[in-house]
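For reference, the structure discussed in these notes is given below.
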Amino acid sequence: MQISKLRLENYGVFTDADITLATKDGNKNGSNITVFIGNNGSGKTSILDAIATGLS
């Protein structure tokens with residue numbers, strides 16, 4: 001399973017957000033890793049919680 005896009009509405013600090021995640025595209029030079037970087041309280045953990053909730 002591969003998640004390529006995440007849509008958050010009224011979840012955590014997000015009122016309306018579309019998040020595109022890196023996906024493996026067969027290009028050996030590309031990366032399929034997404035890194036969330038931000039200040040405290042910016043929603044990094046909310047993104048991971050939303051993914052976990054969606055998969056459970």
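Ordering of the structure tokens sets the chain letters (A, B, ...), residue numbers begin anew at 1 in every chain, and ligands are numbered from 1 in the order given.
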Surrounding residues of range 13-23 of chain A excluding itself and chain neighbours under 5 positions, 6 Å, only C-alpha atoms, as an MDAnalysis selection string: chainID A and resid 4:8 32:34 43
Chain A: residues DSSP assigns to strand (DSSP E), reported as number ranges by chain: A: 5-11, 14-20
Take the residues from that selection and put them in a file with C-alpha atoms, as a compact mmCIF listing (two decimals), in the first residue's frame.
# COMPACT_ATOMS: atom_id res chain seq x y z
CA LYS A 5 -2.12 12.24 -0.98
CA LEU A 6 -3.73 13.23 2.29
CA ARG A 7 -6.68 15.60 2.67
CA LEU A 8 -7.33 17.07 6.12
CA GLU A 9 -10.42 19.10 7.01
CA ASN A 10 -10.89 20.40 10.56
CA TYR A 11 -8.29 17.99 11.94
CA PHE A 14 -5.61 22.06 9.84
CA THR A 15 -8.86 23.64 8.66
CA ASP A 16 -8.32 22.70 5.01
CA ALA A 17 -5.14 21.03 3.75
CA ASP A 18 -4.05 18.89 0.82
CA ILE A 19 -0.73 17.15 1.45
CA THR A 20 1.09 15.33 -1.35
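Atom to atom, CA of Ala52 in chain A and CA of Gly38 in chain A stand 19.6 Å apart.
For chain A, backbone-based DSSP labels the following residues as alpha helix (DSSP H): A:Lys44, A:Thr45, A:Ser46, A:Ile47, A:Leu48, A:Asp49, A:Ala50, A:Ile51, A:Ala52, A:Thr53, A:Gly54, A:Leu55.
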Would you output that residue set with C-alpha atoms, as a PDB file, in the first residue's frame?
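Result went into out-v8.pdb, see below:
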ATOM      1  CA  LYS A  44       3.478  17.305  12.220  1.00  0.00           C
ATOM      2  CA  THR A  45       2.031  14.835  14.725  1.00  0.00           C
ATOM      3  CA  SER A  46      -1.514  15.584  13.538  1.00  0.00           C
ATOM      4  CA  ILE A  47      -0.526  14.423  10.049  1.00  0.00           C
ATOM      5  CA  LEU A  48       0.841  11.145  11.415  1.00  0.00           C
ATOM      6  CA  ASP A  49      -2.217  10.693  13.673  1.00  0.00           C
ATOM      7  CA  ALA A  50      -4.530  11.229  10.689  1.00  0.00           C
ATOM      8  CA  ILE A  51      -2.680   8.582   8.678  1.00  0.00           C
ATOM      9  CA  ALA A  52      -2.811   6.136  11.609  1.00  0.00           C
ATOM     10  CA  THR A  53      -6.534   6.798  12.110  1.00  0.00           C
ATOM     11  CA  GLY A  54      -7.220   6.251   8.427  1.00  0.00           C
ATOM     12  CA  LEU A  55      -5.374   2.934   8.439  1.00  0.00           C
TER      13      LEU A  55
END
